[in-house]
$ cat data-v5.cif   # mmCIF, C-alpha atoms
data_work
#
loop_
_atom_site.label_atom_id
_atom_site.label_comp_id
_atom_site.auth_asym_id
_atom_site.auth_seq_id
_atom_site.Cartn_x
_atom_site.Cartn_y
_atom_site.Cartn_z
CA GLY A 82 19.69 -74.55 -55.09
CA PHE A 83 19.80 -77.36 -52.56
CA MET A 84 22.81 -79.64 -52.52
CA HIS A 85 22.08 -83.05 -54.07
CA ILE A 86 23.96 -86.33 -54.30
CA GLY A 87 25.68 -85.29 -57.53
CA ASN A 88 27.05 -82.12 -55.90
CA LEU A 89 28.21 -84.13 -52.91
CA ARG A 90 29.95 -86.72 -55.11
CA THR A 91 31.82 -83.97 -56.97
CA ALA A 92 32.75 -82.26 -53.69
CA LEU A 93 34.20 -85.55 -52.42
CA PHE A 94 36.46 -85.89 -55.47
CA GLU A 95 37.46 -82.22 -55.17
CA TYR A 96 38.37 -82.77 -51.52
CA LEU A 97 40.41 -85.89 -52.25
CA ILE A 98 42.31 -84.27 -55.15
CA ALA A 99 43.04 -81.15 -53.10
CA LYS A 100 44.43 -83.18 -50.21
CA ALA A 101 46.38 -85.55 -52.49
CA GLU A 102 48.07 -82.50 -54.07
CA GLY A 103 48.80 -80.89 -50.71
CA GLY A 104 46.37 -78.09 -51.41
CA ASP A 105 43.34 -76.46 -49.81
CA PHE A 106 39.70 -77.37 -50.28
CA VAL A 107 37.74 -74.16 -50.97
CA LEU A 108 34.01 -73.58 -50.51
CA ARG A 109 32.68 -70.78 -52.72
CA ILE A 110 29.02 -69.79 -52.91
CA GLU A 111 28.10 -69.12 -56.55
CA ASP A 112 24.90 -67.09 -56.34
CA THR A 113 25.01 -64.83 -59.40
CA ASP A 114 21.92 -66.38 -61.04
CA ARG A 115 19.45 -64.49 -58.88
CA GLU A 116 16.36 -66.04 -60.46
CA ARG A 117 17.40 -69.50 -59.23
CA MET A 118 18.15 -68.52 -55.64
CA VAL A 119 16.54 -70.84 -53.07
CA GLU A 120 16.11 -69.67 -49.51
CA GLY A 121 17.95 -71.84 -47.02
CA ALA A 122 20.09 -73.57 -49.66
CA VAL A 123 23.40 -72.26 -48.31
CA ASP A 124 22.68 -73.61 -44.81
CA LYS A 125 21.90 -76.99 -46.40
CA ILE A 126 25.31 -76.96 -48.10
CA TYR A 127 27.07 -76.39 -44.79
CA LYS A 128 25.06 -79.09 -43.03
CA THR A 129 25.41 -81.67 -45.81
CA MET A 130 29.16 -81.23 -46.07
CA ALA A 131 29.52 -81.47 -42.30
CA LEU A 132 27.50 -84.69 -42.20
CA ALA A 133 29.72 -86.12 -44.95
CA GLY A 134 32.89 -85.15 -43.09
CA LEU A 135 34.05 -82.72 -45.78
CA LYS A 136 35.81 -79.90 -43.95
CA HIS A 137 36.75 -76.93 -46.12
CA ASP A 138 39.91 -74.89 -45.50
CA GLU A 139 38.53 -71.60 -46.83
CA GLY A 140 34.97 -70.32 -47.21
CA PRO A 141 32.40 -67.69 -46.28
CA ASP A 142 31.97 -68.99 -42.74
CA ILE A 143 35.66 -69.35 -41.84
CA GLY A 144 37.31 -66.81 -44.14
CA GLY A 145 40.66 -67.14 -45.89
CA ASP A 146 43.24 -65.11 -47.78
CA TYR A 147 41.23 -64.74 -51.00
CA GLY A 148 37.72 -63.74 -49.93
CA PRO A 149 35.01 -62.77 -50.09
CA TYR A 150 33.86 -66.29 -50.95
CA VAL A 151 30.28 -65.35 -51.92
CA GLN A 152 30.09 -64.21 -55.54
CA SER A 153 27.33 -61.64 -54.97
CA GLU A 154 29.80 -59.87 -52.66
CA ARG A 155 32.41 -59.68 -55.43
CA LEU A 156 30.49 -57.64 -58.06
CA PRO A 157 33.04 -54.79 -58.29
CA PHE A 158 35.73 -57.34 -59.22
CA TYR A 159 33.69 -58.69 -62.15
CA LYS A 160 32.85 -55.25 -63.53
CA LYS A 161 36.51 -54.22 -63.36
CA TYR A 162 37.70 -57.36 -65.14
CA ALA A 163 34.98 -57.19 -67.83
CA GLU A 164 35.90 -53.58 -68.60
CA GLU A 165 39.56 -54.60 -68.68
CA LEU A 166 38.77 -57.03 -71.50
CA VAL A 167 36.91 -54.29 -73.37
CA GLN A 168 39.98 -52.06 -73.12
CA LYS A 169 42.16 -54.90 -74.42
CA GLY A 170 39.87 -55.40 -77.43
CA GLN A 171 38.83 -58.84 -76.18
CA ALA A 172 35.23 -57.87 -75.33
CA TYR A 173 32.61 -55.29 -76.28
CA TYR A 174 29.41 -53.59 -75.16
CA CYS A 175 26.24 -55.08 -76.63
CA PHE A 176 23.04 -53.03 -76.60
CA CYS A 177 20.73 -55.56 -78.26
CA THR A 178 17.31 -55.80 -76.64
CA PRO A 179 15.76 -59.12 -75.56
CA GLU A 180 13.16 -58.61 -78.32
CA ARG A 181 15.84 -58.33 -81.00
CA LEU A 182 17.68 -61.38 -79.68
CA GLU A 183 14.46 -63.41 -79.73
CA LYS A 184 13.80 -62.39 -83.34
CA VAL A 185 17.35 -63.28 -84.42
CA HIS A 186 17.01 -66.70 -82.81
CA ALA A 187 13.59 -67.30 -84.38
CA ASP A 188 14.88 -66.33 -87.83
CA GLN A 189 17.87 -68.63 -87.49
CA MET A 190 15.67 -71.52 -86.46
CA ALA A 191 13.22 -70.88 -89.31
CA LYS A 192 16.06 -70.86 -91.84
CA HIS A 193 17.73 -73.94 -90.29
CA ALA A 194 20.92 -71.91 -90.05
CA ASP A 195 24.22 -73.68 -89.47
CA PHE A 196 24.93 -71.39 -86.51
CA ILE A 197 22.32 -70.69 -83.84
CA GLY A 198 23.32 -67.86 -81.52
CA TYR A 199 24.10 -64.19 -81.24
CA ASP A 200 24.82 -62.60 -84.64
CA ARG A 201 27.53 -60.22 -83.33
CA HIS A 202 25.46 -57.19 -84.28
CA CYS A 203 27.25 -54.89 -81.80
CA ARG A 204 30.72 -56.35 -82.17
CA ASP A 205 32.06 -53.63 -84.48
CA LEU A 206 30.32 -50.52 -83.14
CA SER A 207 32.57 -47.47 -83.26
CA PRO A 208 33.98 -46.16 -79.95
CA GLU A 209 32.04 -42.94 -80.51
CA GLU A 210 28.70 -44.75 -80.85
CA VAL A 211 29.43 -46.88 -77.80
CA GLU A 212 30.22 -43.82 -75.68
CA GLU A 213 27.11 -42.04 -76.91
CA ARG A 214 24.84 -44.96 -76.05
CA LEU A 215 26.46 -45.44 -72.67
CA ALA A 216 26.00 -41.74 -71.94
CA LYS A 217 22.29 -42.11 -72.75
CA GLY A 218 22.03 -44.86 -70.15
CA GLU A 219 21.06 -47.60 -72.58
CA PRO A 220 21.05 -51.06 -70.99
CA TYR A 221 23.94 -53.24 -72.10
CA VAL A 222 25.78 -56.47 -71.55
CA ILE A 223 29.47 -57.09 -72.10
CA ARG A 224 30.29 -59.92 -74.50
CA GLN A 225 33.58 -61.65 -75.23
CA LYS A 226 34.95 -61.54 -78.78
CA MET A 227 35.21 -65.23 -79.59
CA PRO A 228 37.36 -66.47 -82.49
CA ASP A 229 35.35 -67.72 -85.46
CA GLN A 230 38.07 -69.92 -86.92
CA GLY A 231 40.34 -72.66 -85.67
CA VAL A 232 39.97 -75.04 -82.73
CA THR A 233 40.17 -74.61 -78.97
CA SER A 234 41.50 -77.66 -77.16
CA TYR A 235 42.50 -78.77 -73.68
CA GLU A 236 43.68 -81.93 -71.93
CA ASP A 237 41.19 -83.30 -69.42
CA GLN A 238 42.59 -85.57 -66.72
CA VAL A 239 39.83 -88.15 -67.24
CA PHE A 240 38.68 -87.84 -70.87
CA GLY A 241 41.95 -86.82 -72.50
CA LEU A 242 42.17 -84.34 -75.38
CA ILE A 243 38.98 -82.35 -75.97
CA GLU A 244 38.62 -80.17 -79.07
CA ILE A 245 35.85 -77.76 -80.06
CA GLU A 246 35.59 -75.84 -83.34
CA ASN A 247 35.54 -72.13 -82.56
CA LYS A 248 32.91 -71.43 -85.23
CA THR A 249 30.36 -73.20 -83.01
CA LEU A 250 30.90 -70.75 -80.13
CA GLU A 251 28.90 -67.55 -79.87
CA ASP A 252 30.20 -64.33 -78.32
CA GLN A 253 29.38 -65.21 -74.73
CA VAL A 254 27.97 -62.71 -72.26
CA LEU A 255 30.39 -61.88 -69.44
CA LEU A 256 28.52 -59.17 -67.55
CA LYS A 257 24.72 -59.07 -67.60
CA SER A 258 22.58 -55.94 -67.76
CA ASP A 259 21.83 -56.21 -64.04
CA GLY A 260 25.53 -55.93 -63.23
CA TYR A 261 25.92 -59.57 -62.27
CA PRO A 262 28.45 -61.78 -64.06
CA THR A 263 27.56 -64.94 -65.92
CA TYR A 264 28.53 -68.28 -64.39
CA ASN A 265 31.45 -68.85 -66.78
CA PHE A 266 32.95 -65.41 -66.30
CA ALA A 267 32.65 -65.30 -62.51
CA ASN A 268 34.31 -68.70 -62.17
CA VAL A 269 37.30 -67.78 -64.33
CA VAL A 270 37.87 -64.53 -62.43
CA ASP A 271 37.48 -66.19 -59.04
CA ASP A 272 39.59 -69.23 -59.91
CA HIS A 273 42.43 -66.92 -60.88
CA ASP A 274 42.08 -64.55 -57.91
CA MET A 275 41.77 -67.46 -55.46
CA ARG A 276 44.77 -69.32 -56.93
CA ILE A 277 42.72 -72.37 -57.89
CA SER A 278 44.92 -75.00 -59.53
CA HIS A 279 42.40 -77.83 -60.11
CA VAL A 280 38.80 -77.52 -61.32
CA VAL A 281 36.71 -80.66 -60.73
CA ARG A 282 33.16 -80.96 -62.08
CA GLY A 283 30.74 -83.17 -63.98
CA SER A 284 31.31 -84.31 -67.55
CA GLU A 285 28.31 -82.30 -68.73
CA TYR A 286 30.72 -79.32 -68.77
CA LEU A 287 33.18 -80.94 -71.19
CA SER A 288 31.86 -79.12 -74.25
CA SER A 289 31.58 -75.72 -72.55
CA THR A 290 35.06 -75.73 -71.02
CA PRO A 291 36.63 -74.20 -74.20
CA LYS A 292 34.68 -71.05 -73.32
CA TYR A 293 36.59 -70.98 -70.04
CA ILE A 294 39.88 -71.70 -71.82
CA LEU A 295 39.37 -68.74 -74.17
CA LEU A 296 38.68 -66.49 -71.19
CA TYR A 297 41.85 -67.57 -69.41
CA GLU A 298 43.78 -66.89 -72.61
CA ALA A 299 42.12 -63.49 -73.12
CA PHE A 300 43.33 -62.42 -69.68
CA GLY A 301 46.71 -64.07 -70.08
CA TYR A 302 46.07 -66.33 -67.08
CA ASP A 303 47.48 -69.79 -66.52
CA VAL A 304 44.87 -72.45 -67.31
CA PRO A 305 44.09 -74.74 -64.34
CA THR A 306 43.99 -78.52 -64.49
CA PHE A 307 40.52 -79.79 -65.46
CA VAL A 308 39.04 -82.99 -64.09
CA HIS A 309 35.61 -83.88 -65.50
CA LEU A 310 33.85 -86.70 -63.68
CA PRO A 311 31.75 -89.26 -65.56
CA LEU A 312 28.06 -89.00 -64.71
CA ARG A 313 28.21 -92.54 -63.38
CA SER A 314 30.86 -95.19 -62.90
CA GLU A 315 31.34 -97.74 -65.63
CA GLU A 316 30.14 -101.22 -64.66
CA ARG A 317 32.31 -104.20 -65.50
CA ARG A 318 31.60 -107.89 -65.11
CA VAL A 319 34.53 -110.20 -64.50
CA GLY A 320 34.46 -113.92 -65.27
#

$ encode --input "data-v5.cif" --output "structure tokens"
Amino acid sequence: GFMHIGNLRTALFEYLIAKAEGGDFVLRIEDTDRERMVEGAVDKIYKTMALAGLKHDEGPDIGGDYGPYVQSERLPFYKKYAEELVQKGQAYYCFCTPERLEKVHADQMAKHADFIGYDRHCRDLSPEEVEERLAKGEPYVIRQKMPDQGVTSYEDQVFGLIEIENKTLEDQVLLKSDGYPTYNFANVVDDHDMRISHVVRGSEYLSSTPKYILLYEAFGYDVPTFVHLPLRSEERRVG
């Protein structure tokens, strides 16, 4: 979508942190959610950043050592990495239809279940059944095997220690049935491949960051430094 003041504010902090650490400021176009694509939005990003004086060191328009910098041009990378996790036993093929998923969700809501989310129906399919269904051309997604016990934690540079109980996390989709990655998965893969050391974003992502942490750990990657920005600055009155 079009760049707004919140995006610009985050980009400013990203730029300042990158330069303070002696690093590069990277512009990456994250366009894997095809239903939300807005024509002309990318040009607006370039123009807005230029007007604000934010000059990126790497990006789709100027290149760099770790391109391509448009996610829709990186689809083979995501498929390869998702299948790698399947081979490592960290992910699995899920053949559940949208209709089944809707029914599971409706039943959970009706029963006021403690956990609302995917019921892991395909998590323990035998390798033989998986191969048979793939051979038939059944649509599938690839989901990560999330732990159902314990706690995932990380140290945020603004909010300190953040902890989330793993039992609240569902087996997240990594690769969608259309071959495009989900937002979480694409970012983890790209952050690693592009040597990203600092991830700066809004505080609305605080509770979902453990999903990223578990992906980094599943791959055996180093976890970057996370900086979550408050939605607005705290106001203080002196005197």

$ residues_around --input "data-v5.cif" --residues "region 201-207 of chain A" --least-positions-apart "6" --cutoff "8 Å" --atoms "all atoms listed in the file" --output "MDAnalysis selection string"
chainID A and resid 173:177 226 252

$ write_last_selection --input "data-v5.cif" --atoms "C-alpha atoms" --output "tab-separated table (two decimals), in the coordinates of the input"
chain	number	residue	atom	x	y	z
A	173	TYR	CA	32.61	-55.29	-76.28
A	174	TYR	CA	29.41	-53.59	-75.16
A	175	CYS	CA	26.24	-55.08	-76.63
A	176	PHE	CA	23.04	-53.03	-76.60
A	177	CYS	CA	20.73	-55.56	-78.26
A	226	LYS	CA	34.95	-61.54	-78.78
A	252	ASP	CA	30.20	-64.33	-78.32

$ resolve_selection --input "data-v5.cif" --expression "the PyMOL selection byres ((chain A and resi 264) around 9)" --output "VMD selection string"
chain A and resid 111 to 114 255 262 to 263 265 to 269

$ closest_atom_pairs --input "data-v5.cif" --of "region 203-283 of chain A" --to "region 296-308 of chain A" --cutoff "10 Å" --atoms "only C-alpha atoms" --output "JSON lines"
{"residue": "A:Gln225", "atom": "CA", "partner": "A:Leu296", "partner_atom": "CA", "distance": 8.1}
{"residue": "A:Lys226", "atom": "CA", "partner": "A:Ala299", "partner_atom": "CA", "distance": 9.3}
{"residue": "A:Met227", "atom": "CA", "partner": "A:Leu296", "partner_atom": "CA", "distance": 9.2}
{"residue": "A:Tyr235", "atom": "CA", "partner": "A:Phe307", "partner_atom": "CA", "distance": 8.5}
{"residue": "A:Glu236", "atom": "CA", "partner": "A:Phe307", "partner_atom": "CA", "distance": 7.5}
{"residue": "A:Asp237", "atom": "CA", "partner": "A:Phe307", "partner_atom": "CA", "distance": 5.3}
{"residue": "A:Gln238", "atom": "CA", "partner": "A:Val308", "partner_atom": "CA", "distance": 5.1}
{"residue": "A:Val239", "atom": "CA", "partner": "A:Val308", "partner_atom": "CA", "distance": 6.1}
{"residue": "A:Phe240", "atom": "CA", "partner": "A:Val308", "partner_atom": "CA", "distance": 8.3}
{"residue": "A:Gly241", "atom": "CA", "partner": "A:Val308", "partner_atom": "CA", "distance": 9.7}
{"residue": "A:Leu255", "atom": "CA", "partner": "A:Leu296", "partner_atom": "CA", "distance": 9.6}
{"residue": "A:Asn265", "atom": "CA", "partner": "A:Leu296", "partner_atom": "CA", "distance": 8.8}
{"residue": "A:Phe266", "atom": "CA", "partner": "A:Leu296", "partner_atom": "CA", "distance": 7.6}
{"residue": "A:Val269", "atom": "CA", "partner": "A:Tyr297", "partner_atom": "CA", "distance": 6.8}
{"residue": "A:Val270", "atom": "CA", "partner": "A:Tyr297", "partner_atom": "CA", "distance": 8.6}
{"residue": "A:Asp272", "atom": "CA", "partner": "A:Pro305", "partner_atom": "CA", "distance": 8.4}
{"residue": "A:His273", "atom": "CA", "partner": "A:Tyr302", "partner_atom": "CA", "distance": 7.2}
{"residue": "A:Arg276", "atom": "CA", "partner": "A:Pro305", "partner_atom": "CA", "distance": 9.2}
{"residue": "A:Ile277", "atom": "CA", "partner": "A:Pro305", "partner_atom": "CA", "distance": 7.0}
{"residue": "A:Ser278", "atom": "CA", "partner": "A:Pro305", "partner_atom": "CA", "distance": 4.9}
{"residue": "A:His279", "atom": "CA", "partner": "A:Thr306", "partner_atom": "CA", "distance": 4.7}
{"residue": "A:Val280", "atom": "CA", "partner": "A:Phe307", "partner_atom": "CA", "distance": 5.0}
{"residue": "A:Val281", "atom": "CA", "partner": "A:Val308", "partner_atom": "CA", "distance": 4.7}
{"residue": "A:Arg282", "atom": "CA", "partner": "A:Val308", "partner_atom": "CA", "distance": 6.5}
{"residue": "A:Gly283", "atom": "CA", "partner": "A:Val308", "partner_atom": "CA", "distance": 8.3}

$ write_last_selection --input "data-v5.cif" --atoms "C-alpha atoms" --output "mmCIF file, keeping the file's coordinate frame"
data_model
loop_
_atom_site.group_PDB
_atom_site.id
_atom_site.type_symbol
_atom_site.label_atom_id
_atom_site.label_comp_id
_atom_site.auth_asym_id
_atom_site.auth_seq_id
_atom_site.Cartn_x
_atom_site.Cartn_y
_atom_site.Cartn_z
ATOM 1 C CA GLN A 225 33.580 -61.650 -75.230
ATOM 2 C CA LYS A 226 34.950 -61.540 -78.780
ATOM 3 C CA MET A 227 35.210 -65.230 -79.590
ATOM 4 C CA TYR A 235 42.500 -78.770 -73.680
ATOM 5 C CA GLU A 236 43.680 -81.930 -71.930
ATOM 6 C CA ASP A 237 41.190 -83.300 -69.420
ATOM 7 C CA GLN A 238 42.590 -85.570 -66.720
ATOM 8 C CA VAL A 239 39.830 -88.150 -67.240
ATOM 9 C CA PHE A 240 38.680 -87.840 -70.870
ATOM 10 C CA GLY A 241 41.950 -86.820 -72.500
ATOM 11 C CA LEU A 255 30.390 -61.880 -69.440
ATOM 12 C CA ASN A 265 31.450 -68.850 -66.780
ATOM 13 C CA PHE A 266 32.950 -65.410 -66.300
ATOM 14 C CA VAL A 269 37.300 -67.780 -64.330
ATOM 15 C CA VAL A 270 37.870 -64.530 -62.430
ATOM 16 C CA ASP A 272 39.590 -69.230 -59.910
ATOM 17 C CA HIS A 273 42.430 -66.920 -60.880
ATOM 18 C CA ARG A 276 44.770 -69.320 -56.930
ATOM 19 C CA ILE A 277 42.720 -72.370 -57.890
ATOM 20 C CA SER A 278 44.920 -75.000 -59.530
ATOM 21 C CA HIS A 279 42.400 -77.830 -60.110
ATOM 22 C CA VAL A 280 38.800 -77.520 -61.320
ATOM 23 C CA VAL A 281 36.710 -80.660 -60.730
ATOM 24 C CA ARG A 282 33.160 -80.960 -62.080
ATOM 25 C CA GLY A 283 30.740 -83.170 -63.980
#

$ residues_near_point --input "data-v5.cif" --point "(27.2, -68.2, -55.2)" --cutoff "12 Å" --atoms "all atoms listed in the file" --output "number ranges by chain"
A: 82, 108-115, 117-119, 122-123, 126, 140-141, 149-156, 261-264, 267-268, 271

$ residues_around --input "data-v5.cif" --residues "region 102-105 of chain A" --least-positions-apart "2" --cutoff "10 Å" --atoms "all atoms listed in the file" --output "list of chain:residue names"
A:Glu95, A:Tyr96, A:Leu97, A:Ile98, A:Ala99, A:Lys100, A:Val107, A:Leu108, A:His137, A:Asp138, A:Glu139, A:Ile277, A:Ser278, A:His279

$ atom_distance --input "data-v5.cif" --atom1 "CA of Leu250 (chain A)" --atom2 "CA of Ala92 (chain A)"
28.9 Å

$ atom_distance --input "data-v5.cif" --atom1 "CA of Val222 (chain A)" --atom2 "CA of Asp259 (chain A)"
8.5 Å

$ atom_distance --input "data-v5.cif" --atom1 "CA of Leu287 (chain A)" --atom2 "CA of Thr91 (chain A)"
14.6 Å

$ decode --input "data-v5.cif" --residues "region 183-194 of chain A" --atoms "C-alpha atoms" --output "PDB file, in the first residue's frame"
ATOM      1  CA  GLU A 183     -13.481 -22.430   8.600  1.00  0.00           C
ATOM      2  CA  LYS A 184     -15.400 -25.266  10.274  1.00  0.00           C
ATOM      3  CA  VAL A 185     -12.598 -25.900  12.786  1.00  0.00           C
ATOM      4  CA  HIS A 186     -12.534 -22.207  13.679  1.00  0.00           C
ATOM      5  CA  ALA A 187     -16.320 -22.026  14.006  1.00  0.00           C
ATOM      6  CA  ASP A 188     -16.392 -25.104  16.260  1.00  0.00           C
ATOM      7  CA  GLN A 189     -13.654 -23.682  18.474  1.00  0.00           C
ATOM      8  CA  MET A 190     -15.490 -20.392  18.812  1.00  0.00           C
ATOM      9  CA  ALA A 191     -18.789 -22.135  19.594  1.00  0.00           C
ATOM     10  CA  LYS A 192     -17.133 -24.214  22.316  1.00  0.00           C
ATOM     11  CA  HIS A 193     -15.215 -21.206  23.712  1.00  0.00           C
ATOM     12  CA  ALA A 194     -12.048 -23.248  23.351  1.00  0.00           C
TER      13      ALA A 194
END
